[in-house]
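Source file: entry_2.cif. Holds: mmCIF, C-alpha atoms.
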```cif
data_upload
#
loop_
_atom_site.label_atom_id
_atom_site.label_comp_id
_atom_site.auth_asym_id
_atom_site.auth_seq_id
_atom_site.Cartn_x
_atom_site.Cartn_y
_atom_site.Cartn_z
CA GLN T 24 11.55 -34.65 16.34
CA GLY T 25 9.93 -35.58 13.09
CA SER T 26 6.70 -33.87 14.13
CA LYS T 27 5.02 -31.01 12.33
CA LEU T 28 4.31 -27.75 14.10
CA GLU T 29 2.96 -24.38 13.17
CA ILE T 30 5.10 -21.56 14.45
CA PRO T 31 5.27 -17.87 13.59
CA LEU T 32 7.74 -16.81 10.94
CA TRP T 33 9.93 -14.80 13.30
CA LEU T 34 10.41 -17.87 15.45
CA ALA T 35 11.21 -20.04 12.48
CA LYS T 36 13.80 -17.56 11.31
CA GLY T 37 15.41 -17.59 14.74
CA LEU T 38 15.56 -21.38 14.90
CA HIS T 39 16.86 -21.77 11.40
CA ASP T 40 20.52 -22.53 11.05
CA SER T 41 21.82 -24.13 7.91
CA LYS T 42 24.57 -25.92 9.73
CA ARG T 43 22.60 -27.64 12.44
CA ARG T 44 19.29 -28.34 10.77
CA ILE T 45 17.07 -28.05 13.82
CA ILE T 46 14.04 -27.42 11.72
CA SER T 47 13.05 -27.60 8.14
CA VAL T 48 10.35 -25.41 6.74
CA GLU T 49 7.54 -26.64 4.61
CA LEU T 50 6.35 -24.28 1.93
CA PRO T 51 2.79 -23.06 2.19
CA LYS T 52 0.62 -24.33 -0.65
CA ILE T 53 0.54 -21.11 -2.53
CA TYR T 54 4.26 -21.14 -3.19
CA LYS T 55 4.33 -24.69 -4.42
CA GLU T 56 4.54 -25.80 -7.97
CA ALA T 57 0.84 -26.37 -8.53
CA TRP T 58 0.01 -22.79 -7.65
CA ARG T 59 2.99 -21.46 -9.52
CA THR T 60 1.52 -22.89 -12.69
CA VAL T 61 -1.73 -21.10 -12.02
CA PHE T 62 0.19 -17.86 -11.67
CA SER T 63 1.94 -18.28 -14.96
CA ALA T 64 -1.33 -19.02 -16.70
CA ASP T 65 -3.09 -15.90 -15.50
CA ALA T 66 -1.98 -14.11 -12.38
CA ASN T 67 -4.91 -11.75 -12.39
CA VAL T 68 -7.55 -14.27 -11.39
CA VAL T 69 -5.95 -15.26 -8.12
CA ASP T 70 -7.48 -13.92 -4.95
CA LEU T 71 -4.28 -13.03 -3.18
CA HIS T 72 -6.02 -11.69 -0.13
CA LYS T 73 -7.72 -14.96 0.59
CA MET T 74 -4.66 -17.06 -0.02
CA GLY T 75 -2.48 -15.11 2.37
CA PRO T 76 -2.64 -11.34 2.53
CA TYR T 77 1.09 -10.97 2.78
CA TYR T 78 1.95 -13.03 -0.25
CA TYR T 79 4.87 -10.91 -1.37
CA GLY T 80 6.27 -10.25 2.07
CA LEU T 81 6.01 -13.82 3.30
CA GLY T 82 7.30 -15.16 0.03
CA SER T 83 10.38 -13.00 0.25
CA GLN T 84 11.04 -14.12 3.82
CA LEU T 85 10.60 -17.78 2.93
CA LEU T 86 13.52 -17.51 0.57
CA ASN T 87 15.73 -17.35 3.64
CA PHE T 88 15.15 -21.01 4.32
CA GLU T 89 17.16 -22.95 1.84
CA ASN T 90 14.95 -24.82 -0.42
CA PRO T 91 15.79 -26.17 -3.85
CA GLU T 92 12.77 -24.50 -5.34
CA ASN T 93 13.83 -21.03 -4.21
CA PRO T 94 14.85 -19.59 -7.58
CA GLU T 95 11.54 -20.61 -9.09
CA ILE T 96 9.62 -19.11 -6.20
CA ALA T 97 11.49 -15.84 -6.42
CA GLN T 98 10.89 -15.80 -10.11
CA THR T 99 7.17 -16.37 -9.75
CA ILE T 100 6.67 -13.78 -7.05
CA LEU T 101 8.27 -11.10 -9.11
CA GLN T 102 7.73 -12.12 -12.61
CA ALA T 103 5.16 -11.80 -15.27
CA SER T 104 3.43 -14.47 -13.24
CA THR T 105 2.56 -12.15 -10.47
CA PHE T 106 3.55 -8.64 -9.47
CA ILE T 107 4.26 -7.48 -12.94
CA ALA T 108 1.17 -9.06 -14.41
CA ARG T 109 -1.13 -7.64 -11.77
CA PHE T 110 0.56 -4.26 -11.88
CA ARG T 111 -1.34 -3.07 -14.92
CA ARG T 112 -4.72 -3.92 -13.47
CA ILE T 113 -3.89 -2.18 -10.19
CA MET T 114 -2.62 0.91 -11.94
CA ASP T 115 -5.52 1.27 -14.33
CA SER T 116 -8.19 0.78 -11.74
CA SER T 117 -6.59 3.00 -9.16
CA GLN T 118 -6.23 5.78 -11.68
CA ASN T 119 -9.61 5.39 -13.27
CA ALA T 120 -11.87 4.74 -10.37
CA TYR T 121 -14.03 7.86 -10.64
CA ASN T 122 -16.11 6.63 -7.74
CA GLU T 123 -16.94 3.36 -9.38
CA ASP T 124 -17.07 0.39 -7.11
CA THR T 125 -13.59 -1.04 -6.97
CA SER T 126 -14.14 -3.01 -3.81
CA ALA T 127 -14.45 -6.26 -5.73
CA LEU T 128 -10.99 -5.84 -7.17
CA VAL T 129 -9.38 -4.55 -3.99
CA ALA T 130 -10.72 -7.49 -1.98
CA ARG T 131 -8.48 -9.77 -4.00
CA LEU T 132 -5.27 -7.82 -3.53
CA ASP T 133 -2.67 -8.61 -0.92
CA GLU T 134 -1.47 -5.93 1.49
CA LEU T 135 1.42 -4.70 -0.61
CA GLU T 136 -0.82 -4.28 -3.64
CA ARG T 137 -3.47 -2.52 -1.58
CA ALA T 138 -1.00 0.05 -0.33
CA LEU T 139 0.03 0.71 -3.90
CA PHE T 140 -3.57 0.95 -5.00
CA GLN T 141 -4.28 3.58 -2.36
CA VAL T 142 -1.34 5.65 -3.46
CA GLY T 143 -2.61 5.58 -7.02
CA GLN T 144 -6.10 6.54 -5.94
CA LYS T 145 -4.86 9.43 -3.89
CA GLY T 146 -3.01 10.82 -6.90
CA LEU T 147 -6.18 10.66 -8.92
CA ASN T 148 -8.45 12.03 -6.20
CA ASP T 149 -6.17 14.96 -5.49
CA PHE T 150 -6.15 15.86 -9.14
CA GLN T 151 -9.91 15.65 -9.52
CA CYS T 152 -10.44 17.63 -6.37
CA TRP T 153 -8.15 20.33 -7.69
CA GLU T 154 -9.84 20.33 -11.04
CA LYS T 155 -13.18 21.00 -9.44
CA GLY T 156 -11.69 23.87 -7.52
CA GLN T 157 -12.11 22.17 -4.17
CA ALA T 158 -8.44 22.40 -3.42
CA SER T 159 -8.84 25.99 -2.37
CA GLN T 160 -12.09 25.61 -0.46
CA ILE T 161 -12.17 25.14 3.25
CA THR T 162 -14.13 22.05 4.19
CA ALA T 163 -14.89 20.65 7.62
CA SER T 164 -12.47 17.93 8.60
CA SER T 165 -14.05 14.49 8.53
CA LEU T 166 -12.93 13.99 12.13
CA VAL T 167 -14.99 16.92 13.31
CA GLN T 168 -18.00 15.85 11.32
CA ASN T 169 -18.03 12.54 13.15
CA TYR T 170 -18.07 14.07 16.61
CA GLY T 171 -21.72 14.99 16.38
CA LYS T 172 -23.26 17.41 18.79
CA ARG T 173 -23.34 16.45 22.41
CA LYS T 174 -26.70 16.86 24.02
CA LEU T 175 -26.95 18.71 27.29
CA THR T 176 -28.59 15.71 28.97
CA GLU T 177 -25.60 13.50 28.17
CA VAL T 178 -23.18 15.91 29.73
CA ASP T 179 -25.23 16.02 32.96
CA GLY T 180 -25.78 12.29 33.22
CA MET C 2 3.53 17.62 -4.85
CA GLU C 3 -0.05 18.70 -4.55
CA PRO C 4 -1.91 19.79 -7.69
CA ALA C 5 -2.35 23.13 -5.98
CA GLU C 6 1.41 23.52 -5.81
CA VAL C 7 1.75 22.81 -9.50
CA GLU C 8 -0.92 25.40 -10.13
CA PHE C 9 1.04 27.88 -8.04
CA LEU C 10 4.02 27.42 -10.34
CA ALA C 11 1.78 27.74 -13.36
CA GLU C 12 0.57 31.12 -12.22
CA LYS C 13 3.91 32.64 -13.10
CA GLU C 14 3.19 32.20 -16.79
CA LEU C 15 2.48 35.38 -18.71
CA VAL C 16 -0.87 36.21 -20.24
CA THR C 17 -2.18 39.31 -22.03
CA ILE C 18 -4.79 41.54 -20.43
CA VAL C 19 -6.47 44.81 -21.34
CA PRO C 20 -6.74 46.94 -18.21
CA ASN C 21 -9.36 49.60 -17.62
CA PHE C 22 -7.24 51.62 -15.23
CA SER C 23 -3.92 53.32 -15.37
CA LEU C 24 -0.92 52.78 -13.23
CA ASP C 25 2.75 53.50 -13.62
CA ARG C 26 5.27 50.77 -13.92
CA ILE C 27 5.48 48.79 -10.66
CA HIS C 28 8.63 47.16 -9.38
CA LEU C 29 8.20 43.77 -7.80
CA ILE C 30 10.85 41.40 -6.50
CA GLY C 31 10.35 39.13 -9.48
CA GLY C 32 10.62 41.92 -12.02
CA ASP C 33 8.82 44.97 -13.33
CA LEU C 34 5.19 45.10 -14.43
CA GLY C 35 3.34 47.66 -16.42
CA PRO C 36 2.83 50.49 -17.06
CA PHE C 37 -0.94 50.04 -17.29
CA ASN C 38 -3.01 52.21 -19.61
CA PRO C 39 -6.72 51.74 -20.21
CA GLY C 40 -7.39 49.92 -23.47
CA LEU C 41 -3.78 48.98 -24.15
CA PRO C 42 -2.85 45.30 -23.93
CA VAL C 43 -0.11 44.41 -21.52
CA GLU C 44 1.48 41.12 -20.42
CA VAL C 45 1.25 40.12 -16.80
CA PRO C 46 1.62 36.88 -14.83
CA VAL C 47 -1.54 34.82 -14.47
CA TRP C 48 -1.82 35.37 -10.72
CA LEU C 49 -2.13 39.09 -11.27
CA ALA C 50 -4.42 38.70 -14.26
CA ILE C 51 -6.88 36.59 -12.29
CA ASN C 52 -6.80 38.99 -9.39
CA LEU C 53 -7.46 42.02 -11.59
CA LYS C 54 -10.19 40.20 -13.42
CA GLN C 55 -11.95 39.32 -10.16
CA ARG C 56 -11.85 42.99 -9.21
CA GLN C 57 -13.24 43.83 -12.63
CA LYS C 58 -10.21 45.85 -13.55
CA CYS C 59 -9.35 44.15 -16.81
CA ARG C 60 -10.36 41.89 -19.65
CA LEU C 61 -8.40 38.76 -20.41
CA ILE C 62 -7.12 37.84 -23.85
CA PRO C 63 -6.90 34.05 -24.29
CA PRO C 64 -3.49 32.72 -25.38
CA GLU C 65 -3.35 32.00 -29.08
CA TRP C 66 -3.32 28.24 -28.55
CA MET C 67 -6.59 28.40 -26.61
CA ASP C 68 -8.64 28.22 -29.76
CA VAL C 69 -10.93 25.45 -30.96
CA GLY C 70 -9.15 24.85 -34.27
CA LYS C 71 -5.70 24.71 -32.76
CA LEU C 72 -6.78 22.49 -29.90
CA GLU C 73 -8.50 20.09 -32.28
CA GLU C 74 -5.25 19.78 -34.20
CA ILE C 75 -3.34 19.07 -31.01
CA ARG C 76 -5.88 16.53 -29.84
CA ASP C 77 -5.82 14.71 -33.16
CA GLN C 78 -2.09 14.62 -33.27
CA GLU C 79 -1.95 13.29 -29.73
CA ARG C 80 -4.30 10.49 -30.69
CA LYS C 81 -2.33 9.59 -33.78
CA GLU C 82 1.17 9.50 -32.36
CA ASP C 83 2.57 7.04 -29.84
CA THR C 84 4.87 9.63 -28.37
CA PHE C 85 3.84 12.77 -26.58
CA THR C 86 3.22 15.91 -28.64
CA PRO C 87 4.90 19.05 -27.40
CA MET C 88 2.19 21.10 -25.74
CA PRO C 89 1.85 24.82 -26.44
CA SER C 90 2.40 25.53 -22.80
CA PRO C 91 4.04 23.42 -20.10
CA TYR C 92 1.08 24.37 -17.93
CA TYR C 93 -1.74 23.90 -20.40
CA MET C 94 -3.99 22.09 -17.95
CA GLU C 95 -3.63 24.63 -15.17
CA LEU C 96 -4.03 27.62 -17.47
CA THR C 97 -7.13 26.13 -19.01
CA LYS C 98 -8.67 25.54 -15.62
CA LEU C 99 -7.82 28.99 -14.30
CA LEU C 100 -8.80 31.00 -17.34
CA LEU C 101 -12.00 29.09 -17.99
CA ASN C 102 -13.10 29.31 -14.37
CA TYR C 103 -12.45 33.00 -13.89
CA ALA C 104 -12.67 34.52 -17.33
CA SER C 105 -14.88 32.34 -19.48
CA ASP C 106 -16.72 35.42 -20.67
CA ASN C 107 -13.53 36.55 -22.38
CA ILE C 108 -12.98 33.24 -24.13
CA PRO C 109 -15.04 32.27 -27.14
CA ARG C 110 -16.47 28.71 -27.21
CA ALA C 111 -15.23 28.05 -23.70
CA ASP C 112 -17.10 24.77 -23.25
CA GLU C 113 -15.69 23.26 -26.39
CA ILE C 114 -12.24 24.29 -25.33
CA ARG C 115 -12.71 22.66 -21.96
CA THR C 116 -13.78 19.40 -23.61
CA LEU C 117 -10.93 19.43 -26.10
CA VAL C 118 -8.32 20.00 -23.43
CA LYS C 119 -9.82 17.26 -21.27
CA ASP C 120 -9.75 14.84 -24.21
CA THR C 121 -6.13 15.63 -24.89
CA TRP C 122 -5.28 15.19 -21.21
CA ASP C 123 -7.02 11.80 -21.10
CA THR C 124 -5.15 10.60 -24.16
CA ARG C 125 -1.81 11.69 -22.73
CA VAL C 126 -2.42 10.11 -19.35
CA ALA C 127 -3.45 6.85 -21.00
CA LYS C 128 -0.21 6.87 -22.99
CA LEU C 129 1.69 7.49 -19.81
CA ARG C 130 0.11 4.46 -18.17
CA LEU C 131 0.82 2.30 -21.20
CA SER C 132 4.41 3.38 -21.07
CA ALA C 133 4.62 2.66 -17.34
CA ASP C 134 3.20 -0.80 -17.88
CA SER C 135 5.69 -1.76 -20.55
CA PHE C 136 8.46 -0.26 -18.43
CA VAL C 137 7.51 -2.56 -15.58
CA ARG C 138 6.96 -5.61 -17.73
CA GLN C 139 10.33 -5.43 -19.34
CA GLN C 140 11.99 -4.40 -16.11
CA GLU C 141 13.90 -1.64 -17.79
CA ALA C 142 16.28 0.48 -15.84
CA HIS C 143 15.63 3.76 -17.63
CA ALA C 144 12.83 5.36 -19.50
CA LYS C 145 12.77 8.68 -21.29
CA LEU C 146 9.56 10.50 -21.93
CA ASP C 147 9.64 13.81 -23.72
CA ASN C 148 7.10 16.57 -23.62
CA LEU C 149 5.31 15.61 -20.43
CA THR C 150 3.97 18.39 -18.29
CA LEU C 151 4.49 18.66 -14.55
CA MET C 152 0.83 18.10 -13.73
CA GLU C 153 0.75 14.81 -15.62
CA ILE C 154 3.93 13.60 -13.97
CA ASN C 155 2.63 14.66 -10.58
CA THR C 156 -0.62 12.73 -10.92
CA THR C 157 0.96 9.37 -11.71
CA GLY C 158 4.41 9.92 -10.23
CA THR C 159 3.99 8.69 -6.67
CA PHE C 160 2.30 5.49 -7.72
CA LEU C 161 4.98 4.66 -10.24
CA THR C 162 7.93 5.34 -7.97
CA GLN C 163 6.44 3.29 -5.14
CA ALA C 164 5.68 0.41 -7.47
CA LEU C 165 9.23 0.48 -8.73
CA ASP C 166 10.54 0.50 -5.15
CA GLN C 167 8.54 -2.65 -4.41
CA MET C 168 9.78 -4.27 -7.57
CA TYR C 169 13.32 -3.51 -6.60
CA LYS C 170 12.81 -5.12 -3.20
CA LEU C 171 11.34 -8.20 -4.82
CA ARG C 172 14.25 -8.30 -7.24
CA THR C 173 16.79 -8.43 -4.45
CA ASN C 174 15.22 -11.78 -3.53
CA PHE C 175 17.35 -13.26 -6.23
CA GLN C 176 20.39 -12.62 -4.11
CA PRO C 177 20.98 -15.53 -1.72
CA GLY C 178 20.17 -15.57 1.98
CA GLU C 179 22.24 -13.54 4.43
CA SER C 180 21.68 -10.10 3.01
CA SER C 181 17.91 -10.28 2.92
CA HIS C 182 17.16 -10.10 6.62
CA SER C 183 15.27 -6.84 6.25
CA GLN C 184 11.92 -6.71 7.91
CA ASP C 185 10.60 -3.64 6.24
CA PHE C 186 7.78 -5.22 4.32
#
```
Before we go any further, please render this structure as structure tokens.
Amino acid sequence: QGSKLEIPLWLAKGLHDSKRRIISVELPKIYKEAWRTVFSADANVVDLHKMGPYYYGLGSQLLNFENPENPEIAQTILQASTFIARFRRIMDSSQNAYNEDTSALVARLDELERALFQVGQKGLNDFQCWEKGQASQITASSLVQNYGKRKLTEVDG
Amino acid sequence: MEPAEVEFLAEKELVTIVPNFSLDRIHLIGGDLGPFNPGLPVEVPVWLAINLKQRQKCRLIPPEWMDVGKLEEIRDQERKEDTFTPMPSPYYMELTKLLLNYASDNIPRADEIRTLVKDTWDTRVAKLRLSADSFVRQQEAHAKLDNLTLMEINTTGTFLTQALDQMYKLRTNFQPGESSHSQDF
């Protein structure tokens, strides 16, 4: 006892029991106060992918382990500090992309934000495709295009 | 919904054509159409109008709002107001696309019209995003937006509803422990 270990979250959740106190969980840096201040200053500059690509998911799970800072953490994850603040940027860029290079922005999003970004992009792409009249054209599926043609020599050999 | 599905619904709107053939009144499941007499204007749904036009059996008359002056007014009003202006047709975007693609020879100043409609669309969509952003920021429970068309809602709808779902999940974090054992992140 008294030693520090790294274990997966699912294991920590299993071992956790508020009555017997087998383990206590230490908060990853990004949920601690220092980082929380950064988030309230400007949430948009943080590279969430680098800091832990499941920021929102992990953060929500961490709240299961009693910790006096929990209300502040929950607040930060949701609040103008983070999701809400970054929401506008995600929405605007996913709906305005027009084939511009958005990879720089997307690289800094965590997984939840990326999924949202892709949904937004799809909405835009479908609309543009329709507008150009491509919605009613038959195009080769991208899967088929990647097959390439097999050469006769390959089949023999 | 796919944009193509919204377009399908739009094709039920009525538009005036001038046929060059004659045909007695026809009875379709949705209602009666015709009779058709050469040179006499008649109202038909857009799907039929486009079909006839492609077979060179008619000439299309643009709807009265599809005119440069009127569209400029609408565009300017859209830019001035914070709320959404009522559009002359709930399917203005689809009708513009269809009529200008298939019957631009029947529509005077087609290119200008295309640009004006696009400008108006861009302004409206930007307003919609602004509204969505303030909705999220203030974590409102309801929002009411008048005079939006189906195509606009359809383009931004999925993104907004998913974002709100995520926000809701994050909000339930404020409830203590036992109930939040869900793994569906």
Exercise. Using only C-alpha atoms, find all polymer residues with an atom at most 12 Å away from the point (-1.4, 6.8, -2.7); report them as number ranges by chain.
Key: T: 113-114, 117-118, 136-149; C: 155-164
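Between Asp120 in chain C and the residues C:Asn148, C:Gln78, C:Gln139, C:Ser105, the shortest atom-to-atom distance, using only C-alpha atoms, involves C:Gln78.
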Quiz item: CA of Lys55 in chain T and CA of Met168 in chain C are how many Å apart?
Solution: 21.4 Å
Practice problem: For Thr124 in chain C, please output as a PyMOL selection string all residues within 9 Å (counting only C-alpha atoms; exclusion window: fewer than 6 positions along the same chain). | Solution: chain C and resi 76+79-80
Quiz item: Got a sec to resolve the PyMOL selection byres ((chain C and resi 14) around 12) on this structure and send the residues as a PyMOL selection string?
Solution: chain C and resi 7-13+15-17+44-51+64+90-93+95-96+99
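Considering only C-alpha atoms, the residue among T:Ala130, T:Ala66, T:Ile107, T:Met74 positioned nearest to chain C is T:Ile107.
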Quiz item: Evaluating the PyMOL selection byres ((chain C and resi 22) around 7) on the displayed file yields which residues, as a PyMOL selection string?
Solution: chain C and resi 20-21+23-24+37-39+58
Enumerate, as a CSV table (one decimal) with C-alpha atoms, keeping the file's coordinate frame, the protein, DNA and RNA residues whose atoms approach (-3.2, -5.2, 3.6) to within 9 Å, taking into account only C-alpha atoms and the coordinate frame of the file.
```csv
chain,number,residue,atom,x,y,z
T,72,HIS,CA,-6.0,-11.7,-0.1
T,76,PRO,CA,-2.6,-11.3,2.5
T,77,TYR,CA,1.1,-11.0,2.8
T,132,LEU,CA,-5.3,-7.8,-3.5
T,133,ASP,CA,-2.7,-8.6,-0.9
T,134,GLU,CA,-1.5,-5.9,1.5
T,135,LEU,CA,1.4,-4.7,-0.6
T,136,GLU,CA,-0.8,-4.3,-3.6
T,137,ARG,CA,-3.5,-2.5,-1.6
T,138,ALA,CA,-1.0,0.0,-0.3
```
Quiz prompt | Residue neighbourhood Asn90 in chain T, 10 Å, all atoms listed in the file, exclusion window fewer than 2 positions, as number ranges by chain | solution = T: 47-50, 85-88, 92-94, 96
Quiz item: Please, what distance in Å, to one decimal, runs between CA of Asn102 in chain C and CA of Glu153 in chain C?
Solution: 20.1 Å
Exercise. Pick out the closest residue to Gly70 in chain C from this set: C:Pro4, C:Pro87, C:Pro109, C:Gly31. Count all atoms listed in the file.
Key: C:Pro109
Quiz item: Looking at only C-alpha atoms, which of T:Lys36, T:Lys27, T:Lys52, T:Arg131 is the one that sits closest to chain C?
Solution: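 Checking each of T:Lys36, T:Lys27, T:Lys52, T:Arg131 against chain C, counting only C-alpha atoms, the winner is T:Lys36.
Interatomic distance, CA of Gly75 in chain T to CA of Arg138 in chain C: 24.2 Å.
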Render range 107-124 of chain C from the structure in the preceding block as a file of N, CA, C and O atoms, as a CSV table (one decimal), in the first residue's frame.
```
chain,number,residue,atom,x,y,z
C,107,ASN,N,-35.7,30.2,-70.0
C,107,ASN,CA,-37.0,30.9,-69.8
C,107,ASN,C,-36.9,31.9,-68.7
C,107,ASN,O,-38.0,32.5,-68.4
C,108,ILE,N,-35.8,32.1,-68.1
C,108,ILE,CA,-35.7,33.0,-67.0
C,108,ILE,C,-34.7,34.1,-67.3
C,108,ILE,O,-33.5,33.9,-67.5
C,109,PRO,N,-35.2,35.3,-67.3
C,109,PRO,CA,-34.3,36.5,-67.6
C,109,PRO,C,-33.3,36.7,-66.4
C,109,PRO,O,-33.7,36.5,-65.3
C,110,ARG,N,-32.1,37.0,-66.8
C,110,ARG,CA,-31.0,37.4,-65.8
C,110,ARG,C,-30.8,36.2,-64.8
C,110,ARG,O,-30.7,36.4,-63.7
C,111,ALA,N,-30.7,35.0,-65.4
C,111,ALA,CA,-30.6,33.8,-64.5
C,111,ALA,C,-29.4,33.9,-63.6
C,111,ALA,O,-29.5,33.5,-62.5
C,112,ASP,N,-28.3,34.3,-64.2
C,112,ASP,CA,-27.1,34.3,-63.3
C,112,ASP,C,-27.2,35.2,-62.1
C,112,ASP,O,-26.8,34.9,-61.0
C,113,GLU,N,-27.8,36.4,-62.4
C,113,GLU,CA,-27.9,37.3,-61.2
C,113,GLU,C,-28.8,36.7,-60.2
C,113,GLU,O,-28.6,36.8,-59.0
C,114,ILE,N,-29.9,36.1,-60.7
C,114,ILE,CA,-30.8,35.5,-59.7
C,114,ILE,C,-30.1,34.4,-58.9
C,114,ILE,O,-30.3,34.3,-57.7
C,115,ARG,N,-29.3,33.6,-59.6
C,115,ARG,CA,-28.6,32.5,-58.8
C,115,ARG,C,-27.7,33.1,-57.7
C,115,ARG,O,-27.7,32.7,-56.6
C,116,THR,N,-27.0,34.2,-58.1
C,116,THR,CA,-26.1,34.9,-57.1
C,116,THR,C,-27.0,35.5,-55.9
C,116,THR,O,-26.6,35.3,-54.8
C,117,LEU,N,-28.1,36.1,-56.3
C,117,LEU,CA,-28.9,36.7,-55.2
C,117,LEU,C,-29.4,35.7,-54.3
C,117,LEU,O,-29.4,35.9,-53.0
C,118,VAL,N,-29.9,34.6,-54.8
C,118,VAL,CA,-30.5,33.5,-53.9
C,118,VAL,C,-29.4,33.0,-53.1
C,118,VAL,O,-29.5,32.7,-51.9
C,119,LYS,N,-28.2,32.7,-53.7
C,119,LYS,CA,-27.1,32.2,-52.9
C,119,LYS,C,-26.7,33.1,-51.7
C,119,LYS,O,-26.4,32.7,-50.6
C,120,ASP,N,-26.6,34.4,-52.0
C,120,ASP,CA,-26.3,35.4,-51.0
C,120,ASP,C,-27.3,35.4,-49.9
C,120,ASP,O,-26.9,35.4,-48.7
C,121,THR,N,-28.6,35.3,-50.2
C,121,THR,CA,-29.6,35.2,-49.2
C,121,THR,C,-29.5,34.0,-48.4
C,121,THR,O,-29.5,34.0,-47.1
C,122,TRP,N,-29.2,32.9,-49.0
C,122,TRP,CA,-29.0,31.6,-48.3
C,122,TRP,C,-27.9,31.7,-47.3
C,122,TRP,O,-28.0,31.3,-46.2
C,123,ASP,N,-26.7,32.2,-47.8
C,123,ASP,CA,-25.6,32.4,-46.9
C,123,ASP,C,-25.9,33.2,-45.7
C,123,ASP,O,-25.5,32.8,-44.6
C,124,THR,N,-26.6,34.3,-45.9
C,124,THR,CA,-26.9,35.2,-44.8
C,124,THR,C,-27.8,34.4,-43.8
C,124,THR,O,-27.6,34.4,-42.6
```
